[in-house]
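**Student:** I have a structure I would like to understand better, so I am pasting it below and will then ask my questions one at a time.
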Amino acid sequence: MTRLTYIDIDTSALLHNLKRIRDFAPTQKIIGMVKANAYGCGLSAVIPSLDGQVGGFGVACLEEALAIRALGGRSECILFEGVFMPEEYSVVAANQFQCVIHQIEQLQWLLATPLPQKIKIWVKVDTGMHRLGFLPEKVYDVMNVLLNCPWVDKEVVVTTHFACADEVDNPANQAQLHAFHTLNLPGEQVKRSLANSAAIIALPESHEDIVRAGIMLYGVAPFPGKTGRDFGLKPVMRFYSMVSAIHHYPAGARVGYGGTWQAAQDSVIAVVAVGYGDGYPRHIAVNTPVCVQGEYVPIVGRVSMDMLTIDLTACKKEVTIGDRVELWGESIPIEHI
């Protein structure tokens with residue numbers, strides 16, 4: 001019997017979520033964030049479905065953009081952390097990638113690297129997150145330099161990132177909006193991008209020209225205590241395994257490493273063929289459920305590297321070896337894990 005532990009990627013859910021994003025931001029250009037292997041969903045599964053459907057792909061670095069091109073993706077690619085060394089600019093230009101500049105060194109490297117064709121630049125502004133970006137008072141000078149550089153496209157995008165957009169009423173959001181909207185910007189072709197997933201939903205005044213859809217694109221709510229369903233989103237990733245063994249233990253029996261769980265009554269315990277080595281979190285909350293035969297049953301004891309145990313004692317349906325177990329997806333929202 002094959003160990004049936006696998007991830008299923010639902011590309012129809014991906015396109016459904018993109019439609020929901022358009023409902024929230026109908027006139028804005030949508031960047032689909034696909035960094036970190038498309039949030040773990042896999043570039044090879046996501047890129048063919050989204051290519052040409054979004055206004056561009058957002059990545060962290062050059063390697064990720066090149067991986068998109070290797071898969072045949074032709075949409076615009078924006079490097080949101082920019083280049084990490086000056087030699088990368090020539091590759092950016094050759095592939096017509098777009099590039100964020102967030103510190104003076106990247107600007108100096110660009111000015112010192114004549115390019116055969118113009119590239120589009122995004123300027124990152126630190127409006128309050130204090131992670132990356134130029135201070136607001138520096139942006140006018142940075143923009144002026146860029147607009148006078150022969151190998152920089154005149155359409156520059158100015159961008160920032162919210163630190164607390166998942167806290168809808170946090171005053172930091174309005175402070176960052178104010179800091180961005182009061183920037184002194186030269187040039188007539190400036191585009192603006194502020195909104196991440198949480199801001200797309202909760203801060204419509206931040207939508208501007210371009211929005212950046214990340215976690216919500218994959219069907220996950222960007223707010224604590226919520227699930228994607230609350231916003232009409234569908235889970236793109238579904239994680240499944242199987243029942244590999246079933247045991248009957250008497251009251252008092254301890255299960256798993258350290259014997260941290262003890263049966264309060266005669267119990268039916270099943271082993272599921274998945275663990276932290278497969279990406280299931282080891283440090284889950286007590287009574288975190290899985291779904292088997294349409295019923296929610298709790299995980300008991302510690303998650304092992306390639307196994308976990310579930311308590312079937314109260315299960316109303318018969319469960320047998322080989323039955324599919326949903327770890328997260330349609331029945332178990334990933335937010336609950």
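Following the order of the structure tokens, chains are lettered A, B, ..., residues in each are numbered from 1, and ligands are numbered from 1.
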Please identify all polymer residues within 7 Å of region 85-94 of chain A, counting only C-alpha atoms, omitting same-chain residues fewer than 5 positions from it, and present them as a ChimeraX atom specification.
**Tutor:** /A:109,115,117,119
**Student:** The selected residues should be written to file as an mmCIF file, in the first residue's frame (atoms: all heavy atoms).
**Tutor:**
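Final file, out_18.cif:
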```
data_model
loop_
_atom_site.group_PDB
_atom_site.id
_atom_site.type_symbol
_atom_site.label_atom_id
_atom_site.label_comp_id
_atom_site.auth_asym_id
_atom_site.auth_seq_id
_atom_site.Cartn_x
_atom_site.Cartn_y
_atom_site.Cartn_z
ATOM 1 N N TRP A 109 24.412 51.478 -6.939
ATOM 2 C CA TRP A 109 24.753 50.397 -7.881
ATOM 3 C C TRP A 109 24.075 50.623 -9.233
ATOM 4 O O TRP A 109 24.696 50.443 -10.285
ATOM 5 C CB TRP A 109 24.307 49.048 -7.329
ATOM 6 C CG TRP A 109 24.999 48.602 -6.087
ATOM 7 C CD1 TRP A 109 26.179 49.068 -5.585
ATOM 8 C CD2 TRP A 109 24.550 47.596 -5.171
ATOM 9 N NE1 TRP A 109 26.498 48.420 -4.418
ATOM 10 C CE2 TRP A 109 25.516 47.509 -4.140
ATOM 11 C CE3 TRP A 109 23.436 46.768 -5.117
ATOM 12 C CZ2 TRP A 109 25.396 46.612 -3.078
ATOM 13 C CZ3 TRP A 109 23.297 45.874 -4.061
ATOM 14 C CH2 TRP A 109 24.268 45.799 -3.056
ATOM 15 N N LEU A 115 22.921 50.419 -18.501
ATOM 16 C CA LEU A 115 22.173 49.285 -19.027
ATOM 17 C C LEU A 115 21.751 49.563 -20.473
ATOM 18 O O LEU A 115 21.475 50.705 -20.846
ATOM 19 C CB LEU A 115 20.942 49.029 -18.164
ATOM 20 C CG LEU A 115 21.222 48.694 -16.691
ATOM 21 C CD1 LEU A 115 19.936 48.676 -15.891
ATOM 22 C CD2 LEU A 115 21.949 47.357 -16.581
ATOM 23 N N GLN A 117 19.017 48.742 -21.997
ATOM 24 C CA GLN A 117 17.612 49.102 -22.135
ATOM 25 C C GLN A 117 17.088 49.617 -20.797
ATOM 26 O O GLN A 117 17.638 49.321 -19.745
ATOM 27 C CB GLN A 117 16.769 47.928 -22.632
ATOM 28 C CG GLN A 117 16.779 46.718 -21.717
ATOM 29 C CD GLN A 117 17.790 45.687 -22.152
ATOM 30 O OE1 GLN A 117 18.980 45.921 -22.031
ATOM 31 N NE2 GLN A 117 17.319 44.560 -22.639
ATOM 32 N N ILE A 119 14.839 50.053 -17.482
ATOM 33 C CA ILE A 119 14.113 49.171 -16.579
ATOM 34 C C ILE A 119 13.166 50.006 -15.718
ATOM 35 O O ILE A 119 13.393 51.190 -15.485
ATOM 36 C CB ILE A 119 15.059 48.343 -15.687
ATOM 37 C CG1 ILE A 119 15.912 49.237 -14.782
ATOM 38 C CG2 ILE A 119 15.937 47.431 -16.518
ATOM 39 C CD1 ILE A 119 16.728 48.445 -13.756
#
```
**Student:** Neighbouring residues of region 174-177 of chain A were defined as those with any atom within 9 Å, considering only C-alpha atoms; residues of the same chain fewer than 5 positions away were excluded. Please report them as a PyMOL selection string.
**Tutor:** chain A and resi 126-129+160-163+169+182+194+205-206
**Student:** Compile the contact shell of region 130-136 of chain A as a ChimeraX atom specification: residues with an atom at most 9 Å away, counting only C-alpha atoms, same-chain residues fewer than 4 positions apart removed.
**Tutor:** /A:81,101-104,123-126,140,142,159-161,163,179-180,182-184
**Student:** DSSP on the backbone, strand (DSSP E) only: what residues of region 38-189 of chain A does that give? Format it as a PDB file with all heavy atoms, in the first residue's frame.
**Tutor:**
```pdb
ATOM      1  N   GLY A  56       0.952  41.286 -12.870  1.00  0.00           N
ATOM      2  CA  GLY A  56       2.365  40.986 -12.681  1.00  0.00           C
ATOM      3  C   GLY A  56       2.528  40.029 -11.521  1.00  0.00           C
ATOM      4  O   GLY A  56       1.591  39.765 -10.763  1.00  0.00           O
ATOM      5  N   PHE A  57       3.735  39.494 -11.408  1.00  0.00           N
ATOM      6  CA  PHE A  57       4.073  38.582 -10.321  1.00  0.00           C
ATOM      7  C   PHE A  57       5.042  39.266  -9.366  1.00  0.00           C
ATOM      8  O   PHE A  57       6.032  39.874  -9.794  1.00  0.00           O
ATOM      9  CB  PHE A  57       4.728  37.312 -10.859  1.00  0.00           C
ATOM     10  CG  PHE A  57       3.803  36.422 -11.649  1.00  0.00           C
ATOM     11  CD1 PHE A  57       4.101  36.074 -12.956  1.00  0.00           C
ATOM     12  CD2 PHE A  57       2.633  35.940 -11.077  1.00  0.00           C
ATOM     13  CE1 PHE A  57       3.252  35.241 -13.677  1.00  0.00           C
ATOM     14  CE2 PHE A  57       1.778  35.112 -11.799  1.00  0.00           C
ATOM     15  CZ  PHE A  57       2.086  34.763 -13.107  1.00  0.00           C
ATOM     16  N   GLY A  58       4.769  39.150  -8.070  1.00  0.00           N
ATOM     17  CA  GLY A  58       5.658  39.697  -7.064  1.00  0.00           C
ATOM     18  C   GLY A  58       6.539  38.619  -6.481  1.00  0.00           C
ATOM     19  O   GLY A  58       6.049  37.582  -6.027  1.00  0.00           O
ATOM     20  N   VAL A  59       7.844  38.856  -6.505  1.00  0.00           N
ATOM     21  CA  VAL A  59       8.812  37.902  -5.964  1.00  0.00           C
ATOM     22  C   VAL A  59       9.754  38.638  -5.020  1.00  0.00           C
ATOM     23  O   VAL A  59       9.777  39.866  -4.974  1.00  0.00           O
ATOM     24  CB  VAL A  59       9.613  37.199  -7.086  1.00  0.00           C
ATOM     25  CG1 VAL A  59       8.685  36.418  -8.004  1.00  0.00           C
ATOM     26  CG2 VAL A  59      10.436  38.214  -7.894  1.00  0.00           C
ATOM     27  N   CYS A  77       7.429  40.757 -13.820  1.00  0.00           N
ATOM     28  CA  CYS A  77       7.933  40.265 -12.533  1.00  0.00           C
ATOM     29  C   CYS A  77       8.578  41.421 -11.790  1.00  0.00           C
ATOM     30  O   CYS A  77       9.420  42.136 -12.369  1.00  0.00           O
ATOM     31  CB  CYS A  77       8.953  39.153 -12.719  1.00  0.00           C
ATOM     32  SG  CYS A  77       8.260  37.603 -13.327  1.00  0.00           S
ATOM     33  N   ILE A  78       8.197  41.597 -10.550  1.00  0.00           N
ATOM     34  CA  ILE A  78       8.753  42.676  -9.728  1.00  0.00           C
ATOM     35  C   ILE A  78       9.540  42.077  -8.583  1.00  0.00           C
ATOM     36  O   ILE A  78       9.012  41.263  -7.818  1.00  0.00           O
ATOM     37  CB  ILE A  78       7.645  43.603  -9.172  1.00  0.00           C
ATOM     38  CG1 ILE A  78       6.798  44.156 -10.311  1.00  0.00           C
ATOM     39  CG2 ILE A  78       8.268  44.745  -8.363  1.00  0.00           C
ATOM     40  CD1 ILE A  78       5.511  43.418 -10.559  1.00  0.00           C
ATOM     41  N   LEU A  79      10.806  42.467  -8.454  1.00  0.00           N
ATOM     42  CA  LEU A  79      11.675  42.008  -7.369  1.00  0.00           C
ATOM     43  C   LEU A  79      11.465  42.930  -6.170  1.00  0.00           C
ATOM     44  O   LEU A  79      11.985  44.047  -6.136  1.00  0.00           O
ATOM     45  CB  LEU A  79      13.146  42.043  -7.805  1.00  0.00           C
ATOM     46  CG  LEU A  79      13.672  40.904  -8.693  1.00  0.00           C
ATOM     47  CD1 LEU A  79      12.927  40.812 -10.020  1.00  0.00           C
ATOM     48  CD2 LEU A  79      15.163  41.096  -8.957  1.00  0.00           C
ATOM     49  N   GLN A  98      11.115  44.157 -13.274  1.00  0.00           N
ATOM     50  CA  GLN A  98      11.031  45.416 -12.551  1.00  0.00           C
ATOM     51  C   GLN A  98      11.675  45.230 -11.184  1.00  0.00           C
ATOM     52  O   GLN A  98      11.749  44.120 -10.667  1.00  0.00           O
ATOM     53  CB  GLN A  98       9.572  45.856 -12.419  1.00  0.00           C
ATOM     54  CG  GLN A  98       8.912  46.079 -13.765  1.00  0.00           C
ATOM     55  CD  GLN A  98       7.459  46.463 -13.665  1.00  0.00           C
ATOM     56  OE1 GLN A  98       7.018  47.069 -12.692  1.00  0.00           O
ATOM     57  NE2 GLN A  98       6.686  46.128 -14.691  1.00  0.00           N
ATOM     58  N   CYS A  99      12.138  46.325 -10.610  1.00  0.00           N
ATOM     59  CA  CYS A  99      12.997  46.194  -9.441  1.00  0.00           C
ATOM     60  C   CYS A  99      12.701  47.273  -8.405  1.00  0.00           C
ATOM     61  O   CYS A  99      12.628  48.457  -8.736  1.00  0.00           O
ATOM     62  CB  CYS A  99      14.454  46.300  -9.899  1.00  0.00           C
ATOM     63  SG  CYS A  99      15.651  45.717  -8.714  1.00  0.00           S
ATOM     64  N   VAL A 100      12.521  46.851  -7.166  1.00  0.00           N
ATOM     65  CA  VAL A 100      12.358  47.782  -6.054  1.00  0.00           C
ATOM     66  C   VAL A 100      13.733  48.254  -5.586  1.00  0.00           C
ATOM     67  O   VAL A 100      14.687  47.474  -5.528  1.00  0.00           O
ATOM     68  CB  VAL A 100      11.598  47.116  -4.890  1.00  0.00           C
ATOM     69  CG1 VAL A 100      11.696  47.956  -3.612  1.00  0.00           C
ATOM     70  CG2 VAL A 100      10.138  46.895  -5.268  1.00  0.00           C
ATOM     71  N   ILE A 101      13.821  49.541  -5.284  1.00  0.00           N
ATOM     72  CA  ILE A 101      15.004  50.099  -4.619  1.00  0.00           C
ATOM     73  C   ILE A 101      14.562  50.574  -3.248  1.00  0.00           C
ATOM     74  O   ILE A 101      13.598  51.347  -3.128  1.00  0.00           O
ATOM     75  CB  ILE A 101      15.597  51.264  -5.428  1.00  0.00           C
ATOM     76  CG1 ILE A 101      16.268  50.749  -6.700  1.00  0.00           C
ATOM     77  CG2 ILE A 101      16.601  52.049  -4.594  1.00  0.00           C
ATOM     78  CD1 ILE A 101      16.866  51.845  -7.557  1.00  0.00           C
ATOM     79  N   ILE A 121      11.508  50.930 -12.234  1.00  0.00           N
ATOM     80  CA  ILE A 121      11.950  50.937 -10.837  1.00  0.00           C
ATOM     81  C   ILE A 121      10.770  51.278  -9.921  1.00  0.00           C
ATOM     82  O   ILE A 121       9.953  52.146 -10.223  1.00  0.00           O
ATOM     83  CB  ILE A 121      13.087  51.965 -10.631  1.00  0.00           C
ATOM     84  CG1 ILE A 121      14.348  51.540 -11.409  1.00  0.00           C
ATOM     85  CG2 ILE A 121      13.408  52.137  -9.151  1.00  0.00           C
ATOM     86  CD1 ILE A 121      14.979  50.239 -10.922  1.00  0.00           C
ATOM     87  N   TRP A 122      10.717  50.570  -8.811  1.00  0.00           N
ATOM     88  CA  TRP A 122       9.797  50.889  -7.714  1.00  0.00           C
ATOM     89  C   TRP A 122      10.644  51.448  -6.566  1.00  0.00           C
ATOM     90  O   TRP A 122      11.706  50.902  -6.254  1.00  0.00           O
ATOM     91  CB  TRP A 122       9.075  49.648  -7.220  1.00  0.00           C
ATOM     92  CG  TRP A 122       8.116  49.000  -8.178  1.00  0.00           C
ATOM     93  CD1 TRP A 122       8.328  48.721  -9.498  1.00  0.00           C
ATOM     94  CD2 TRP A 122       6.800  48.529  -7.867  1.00  0.00           C
ATOM     95  NE1 TRP A 122       7.240  48.100 -10.028  1.00  0.00           N
ATOM     96  CE2 TRP A 122       6.281  47.960  -9.047  1.00  0.00           C
ATOM     97  CE3 TRP A 122       6.037  48.513  -6.707  1.00  0.00           C
ATOM     98  CZ2 TRP A 122       5.011  47.388  -9.108  1.00  0.00           C
ATOM     99  CZ3 TRP A 122       4.772  47.945  -6.755  1.00  0.00           C
ATOM    100  CH2 TRP A 122       4.255  47.396  -7.942  1.00  0.00           C
ATOM    101  N   VAL A 123      10.187  52.518  -5.953  1.00  0.00           N
ATOM    102  CA  VAL A 123      10.887  53.124  -4.818  1.00  0.00           C
ATOM    103  C   VAL A 123      10.115  52.794  -3.546  1.00  0.00           C
ATOM    104  O   VAL A 123       8.940  53.164  -3.403  1.00  0.00           O
ATOM    105  CB  VAL A 123      11.037  54.647  -4.981  1.00  0.00           C
ATOM    106  CG1 VAL A 123      11.670  55.259  -3.734  1.00  0.00           C
ATOM    107  CG2 VAL A 123      11.867  54.963  -6.220  1.00  0.00           C
ATOM    108  N   LYS A 124      10.776  52.106  -2.629  1.00  0.00           N
ATOM    109  CA  LYS A 124      10.135  51.720  -1.374  1.00  0.00           C
ATOM    110  C   LYS A 124      10.331  52.844  -0.343  1.00  0.00           C
ATOM    111  O   LYS A 124      11.448  53.334  -0.130  1.00  0.00           O
ATOM    112  CB  LYS A 124      10.777  50.430  -0.853  1.00  0.00           C
ATOM    113  CG  LYS A 124      10.185  49.858   0.432  1.00  0.00           C
ATOM    114  CD  LYS A 124       8.830  49.217   0.163  1.00  0.00           C
ATOM    115  CE  LYS A 124       8.343  48.410   1.348  1.00  0.00           C
ATOM    116  NZ  LYS A 124       8.989  47.091   1.410  1.00  0.00           N
ATOM    117  N   VAL A 157       7.204  53.613  -9.804  1.00  0.00           N
ATOM    118  CA  VAL A 157       6.176  53.268  -8.832  1.00  0.00           C
ATOM    119  C   VAL A 157       6.719  53.556  -7.432  1.00  0.00           C
ATOM    120  O   VAL A 157       7.824  53.135  -7.091  1.00  0.00           O
ATOM    121  CB  VAL A 157       5.768  51.787  -8.928  1.00  0.00           C
ATOM    122  CG1 VAL A 157       4.663  51.471  -7.908  1.00  0.00           C
ATOM    123  CG2 VAL A 157       5.314  51.443 -10.336  1.00  0.00           C
ATOM    124  N   VAL A 158       5.952  54.273  -6.644  1.00  0.00           N
ATOM    125  CA  VAL A 158       6.312  54.525  -5.254  1.00  0.00           C
ATOM    126  C   VAL A 158       5.447  53.610  -4.385  1.00  0.00           C
ATOM    127  O   VAL A 158       4.235  53.544  -4.543  1.00  0.00           O
ATOM    128  CB  VAL A 158       6.088  56.000  -4.864  1.00  0.00           C
ATOM    129  CG1 VAL A 158       6.490  56.240  -3.416  1.00  0.00           C
ATOM    130  CG2 VAL A 158       6.885  56.906  -5.797  1.00  0.00           C
ATOM    131  N   THR A 159       6.095  52.885  -3.490  1.00  0.00           N
ATOM    132  CA  THR A 159       5.387  51.864  -2.723  1.00  0.00           C
ATOM    133  C   THR A 159       5.769  51.917  -1.254  1.00  0.00           C
ATOM    134  O   THR A 159       6.826  52.447  -0.892  1.00  0.00           O
ATOM    135  CB  THR A 159       5.692  50.457  -3.299  1.00  0.00           C
ATOM    136  OG1 THR A 159       4.922  49.469  -2.618  1.00  0.00           O
ATOM    137  CG2 THR A 159       7.175  50.103  -3.160  1.00  0.00           C
TER     138      THR A 159
END
```
**Student:** Determine the nearest neighbour of Cys164 (chain A) from the options A:Ala195, A:Thr5, A:Asn144, A:Ala213, counting only C-alpha atoms.
**Tutor:**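 Checking each of A:Ala195, A:Thr5, A:Asn144, A:Ala213 against Cys164 (chain A), counting only C-alpha atoms, the winner is A:Ala195.
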**Student:** I want to know what sits within 12 Å of Val286 (chain A), based on only C-alpha atoms, with residues of the same chain fewer than 6 positions away left out; could you give that as a PyMOL selection string?
**Tutor:** chain A and resi 260-261+297-303+310+336-337
**Student:** Under the rule that only C-alpha atoms are counted, which of A:Val255, A:Leu217, A:Ala25, A:Ala270 is the nearest residue to Met242 (chain A)?
**Tutor:** A:Ala270
**Student:** Between A:Glu105, A:Glu188, A:Glu318, A:Glu167, which has the minimum distance to Leu147 (chain A) (counting only C-alpha atoms)?
**Tutor:**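 Nearest candidate to Leu147 (chain A) out of A:Glu105, A:Glu188, A:Glu318, A:Glu167: A:Glu188.
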**Student:** Using only C-alpha atoms, which residues sit within 12 Å of Lys19 (chain A) once same-chain residues fewer than 2 positions away are excluded, as a compact mmCIF listing (two decimals) with all heavy atoms, in the first residue's frame?
**Tutor:**
```
# COMPACT_ATOMS: atom_id res chain seq x y z
N SER A 12 -8.64 26.11 -9.66
CA SER A 12 -9.92 26.79 -9.84
C SER A 12 -10.21 27.69 -8.64
O SER A 12 -10.78 28.78 -8.79
CB SER A 12 -11.05 25.77 -10.03
OG SER A 12 -11.27 25.01 -8.85
N ALA A 13 -9.78 27.26 -7.43
CA ALA A 13 -9.91 28.11 -6.25
C ALA A 13 -9.02 29.34 -6.37
O ALA A 13 -9.39 30.44 -5.95
CB ALA A 13 -9.57 27.32 -4.99
N LEU A 14 -7.85 29.16 -6.94
CA LEU A 14 -6.92 30.28 -7.15
C LEU A 14 -7.57 31.35 -8.03
O LEU A 14 -7.54 32.55 -7.69
CB LEU A 14 -5.64 29.75 -7.80
CG LEU A 14 -4.46 30.69 -7.93
CD1 LEU A 14 -3.83 30.96 -6.58
CD2 LEU A 14 -3.42 30.08 -8.88
N LEU A 15 -8.19 30.93 -9.12
CA LEU A 15 -8.83 31.89 -10.02
C LEU A 15 -10.08 32.49 -9.39
O LEU A 15 -10.40 33.66 -9.62
CB LEU A 15 -9.16 31.21 -11.35
CG LEU A 15 -7.93 30.75 -12.16
CD1 LEU A 15 -8.36 29.99 -13.39
CD2 LEU A 15 -7.06 31.95 -12.54
N HIS A 16 -10.77 31.70 -8.58
CA HIS A 16 -11.91 32.24 -7.83
C HIS A 16 -11.46 33.36 -6.90
O HIS A 16 -12.10 34.41 -6.82
CB HIS A 16 -12.58 31.12 -7.03
CG HIS A 16 -13.56 31.63 -6.01
ND1 HIS A 16 -14.89 31.88 -6.29
CD2 HIS A 16 -13.39 31.95 -4.68
CE1 HIS A 16 -15.49 32.34 -5.21
NE2 HIS A 16 -14.62 32.39 -4.21
N ASN A 17 -10.34 33.13 -6.20
CA ASN A 17 -9.83 34.13 -5.26
C ASN A 17 -9.39 35.39 -5.99
O ASN A 17 -9.58 36.51 -5.49
CB ASN A 17 -8.68 33.55 -4.44
CG ASN A 17 -9.14 32.41 -3.56
OD1 ASN A 17 -10.32 32.29 -3.23
ND2 ASN A 17 -8.21 31.55 -3.17
N ILE A 21 -10.62 39.22 -5.38
CA ILE A 21 -9.73 40.37 -5.22
C ILE A 21 -10.18 41.50 -6.14
O ILE A 21 -10.19 42.67 -5.76
CB ILE A 21 -8.27 39.96 -5.50
CG1 ILE A 21 -7.80 38.96 -4.42
CG2 ILE A 21 -7.35 41.18 -5.53
CD1 ILE A 21 -6.56 38.18 -4.81
N ARG A 22 -10.59 41.13 -7.36
CA ARG A 22 -11.08 42.15 -8.29
C ARG A 22 -12.38 42.78 -7.78
O ARG A 22 -12.66 43.94 -8.07
CB ARG A 22 -11.30 41.54 -9.68
CG ARG A 22 -10.00 41.22 -10.40
CD ARG A 22 -10.23 41.09 -11.91
NE ARG A 22 -8.96 40.80 -12.58
CZ ARG A 22 -8.59 39.60 -12.99
NH1 ARG A 22 -9.39 38.56 -12.81
NH2 ARG A 22 -7.43 39.42 -13.60
N ASP A 23 -13.16 42.01 -7.04
CA ASP A 23 -14.38 42.59 -6.45
C ASP A 23 -14.02 43.69 -5.46
O ASP A 23 -14.71 44.71 -5.37
CB ASP A 23 -15.19 41.51 -5.74
CG ASP A 23 -15.83 40.51 -6.69
OD1 ASP A 23 -15.98 40.83 -7.88
OD2 ASP A 23 -16.17 39.39 -6.23
N PHE A 24 -12.94 43.48 -4.70
CA PHE A 24 -12.50 44.47 -3.71
C PHE A 24 -11.79 45.65 -4.39
O PHE A 24 -11.91 46.78 -3.92
CB PHE A 24 -11.55 43.83 -2.70
CG PHE A 24 -12.22 42.95 -1.68
CD1 PHE A 24 -12.10 41.57 -1.75
CD2 PHE A 24 -12.96 43.49 -0.64
CE1 PHE A 24 -12.70 40.74 -0.82
CE2 PHE A 24 -13.58 42.67 0.30
CZ PHE A 24 -13.45 41.29 0.21
N ALA A 25 -11.04 45.38 -5.44
CA ALA A 25 -10.24 46.41 -6.11
C ALA A 25 -10.47 46.34 -7.61
O ALA A 25 -9.63 45.86 -8.36
CB ALA A 25 -8.76 46.23 -5.77
N PRO A 26 -11.64 46.79 -8.07
CA PRO A 26 -12.04 46.55 -9.47
C PRO A 26 -11.26 47.33 -10.51
O PRO A 26 -11.21 46.92 -11.68
CB PRO A 26 -13.52 46.94 -9.48
CG PRO A 26 -13.68 47.88 -8.34
CD PRO A 26 -12.71 47.43 -7.29
N ILE A 30 -3.49 44.41 -10.35
CA ILE A 30 -3.29 43.43 -9.29
C ILE A 30 -1.97 42.70 -9.50
O ILE A 30 -1.76 42.08 -10.55
CB ILE A 30 -4.43 42.41 -9.24
CG1 ILE A 30 -5.76 43.11 -8.93
CG2 ILE A 30 -4.16 41.33 -8.18
CD1 ILE A 30 -6.98 42.21 -9.10
N LEU A 50 -2.10 31.65 -13.41
CA LEU A 50 -2.18 33.10 -13.19
C LEU A 50 -1.53 33.92 -14.31
O LEU A 50 -1.81 35.12 -14.42
CB LEU A 50 -1.51 33.47 -11.87
CG LEU A 50 -2.22 33.05 -10.58
CD1 LEU A 50 -1.43 33.55 -9.38
CD2 LEU A 50 -3.65 33.56 -10.53
N GLN A 53 -3.32 36.58 -16.25
CA GLN A 53 -4.54 36.89 -15.52
C GLN A 53 -4.32 38.00 -14.49
O GLN A 53 -5.28 38.64 -14.05
CB GLN A 53 -5.07 35.64 -14.79
CG GLN A 53 -5.37 34.47 -15.70
CD GLN A 53 -6.49 34.78 -16.68
OE1 GLN A 53 -7.52 35.32 -16.31
NE2 GLN A 53 -6.26 34.45 -17.94
N VAL A 54 -3.07 38.19 -14.07
CA VAL A 54 -2.72 39.24 -13.12
C VAL A 54 -1.87 40.29 -13.82
O VAL A 54 -1.32 40.04 -14.90
CB VAL A 54 -1.96 38.67 -11.90
CG1 VAL A 54 -2.87 37.77 -11.08
CG2 VAL A 54 -0.71 37.90 -12.34
N ALA A 213 -1.66 41.35 -3.91
CA ALA A 213 -2.43 40.28 -3.27
C ALA A 213 -1.51 39.10 -2.95
O ALA A 213 -0.95 38.48 -3.85
CB ALA A 213 -3.57 39.83 -4.18
N MET A 216 -4.30 36.27 0.64
CA MET A 216 -5.70 36.09 0.25
C MET A 216 -5.82 35.41 -1.11
O MET A 216 -6.83 34.77 -1.40
CB MET A 216 -6.46 37.40 0.28
CG MET A 216 -6.09 38.38 -0.83
SD MET A 216 -7.00 39.97 -0.73
CE MET A 216 -8.71 39.46 -0.91
N LEU A 217 -4.82 35.55 -1.94
CA LEU A 217 -4.83 34.88 -3.24
C LEU A 217 -4.90 33.36 -3.07
O LEU A 217 -5.46 32.66 -3.92
CB LEU A 217 -3.58 35.27 -4.03
CG LEU A 217 -3.44 34.77 -5.47
CD1 LEU A 217 -4.59 35.27 -6.34
CD2 LEU A 217 -2.10 35.23 -6.05
N GLY A 219 -6.43 31.90 -0.54
CA GLY A 219 -7.64 31.55 0.18
C GLY A 219 -7.55 31.67 1.67
O GLY A 219 -8.43 31.17 2.39
N PHE A 231 -14.58 35.88 3.77
CA PHE A 231 -14.42 36.89 2.72
C PHE A 231 -14.68 36.30 1.34
O PHE A 231 -14.30 36.89 0.32
CB PHE A 231 -13.01 37.49 2.80
CG PHE A 231 -12.70 38.06 4.15
CD1 PHE A 231 -11.93 37.34 5.05
CD2 PHE A 231 -13.23 39.28 4.55
CE1 PHE A 231 -11.66 37.84 6.32
CE2 PHE A 231 -12.97 39.79 5.81
CZ PHE A 231 -12.18 39.06 6.70
N GLY A 232 -15.33 35.14 1.31
CA GLY A 232 -15.67 34.52 0.03
C GLY A 232 -14.48 33.89 -0.68
O GLY A 232 -14.53 33.68 -1.90
N LEU A 233 -13.44 33.56 0.07
CA LEU A 233 -12.24 32.95 -0.53
C LEU A 233 -12.29 31.44 -0.38
O LEU A 233 -12.92 30.91 0.53
CB LEU A 233 -10.99 33.50 0.16
CG LEU A 233 -10.82 35.02 0.14
CD1 LEU A 233 -9.66 35.44 1.04
CD2 LEU A 233 -10.61 35.53 -1.28
N LYS A 234 -11.59 30.74 -1.28
CA LYS A 234 -11.54 29.29 -1.25
C LYS A 234 -10.10 28.83 -1.03
O LYS A 234 -9.17 29.43 -1.59
CB LYS A 234 -12.06 28.70 -2.56
CG LYS A 234 -13.54 28.95 -2.80
CD LYS A 234 -14.00 28.29 -4.09
CE LYS A 234 -15.49 28.50 -4.32
NZ LYS A 234 -15.96 27.84 -5.57
```
**Student:** Compare A:His178, A:Arg20, A:Lys120, A:Arg3 by their minimum atom-to-atom distance to Glu155 (chain A), counting only C-alpha atoms, and give me the closest one.
**Tutor:**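 Comparing A:His178, A:Arg20, A:Lys120, A:Arg3 against Glu155 (chain A), the winner is A:Lys120.
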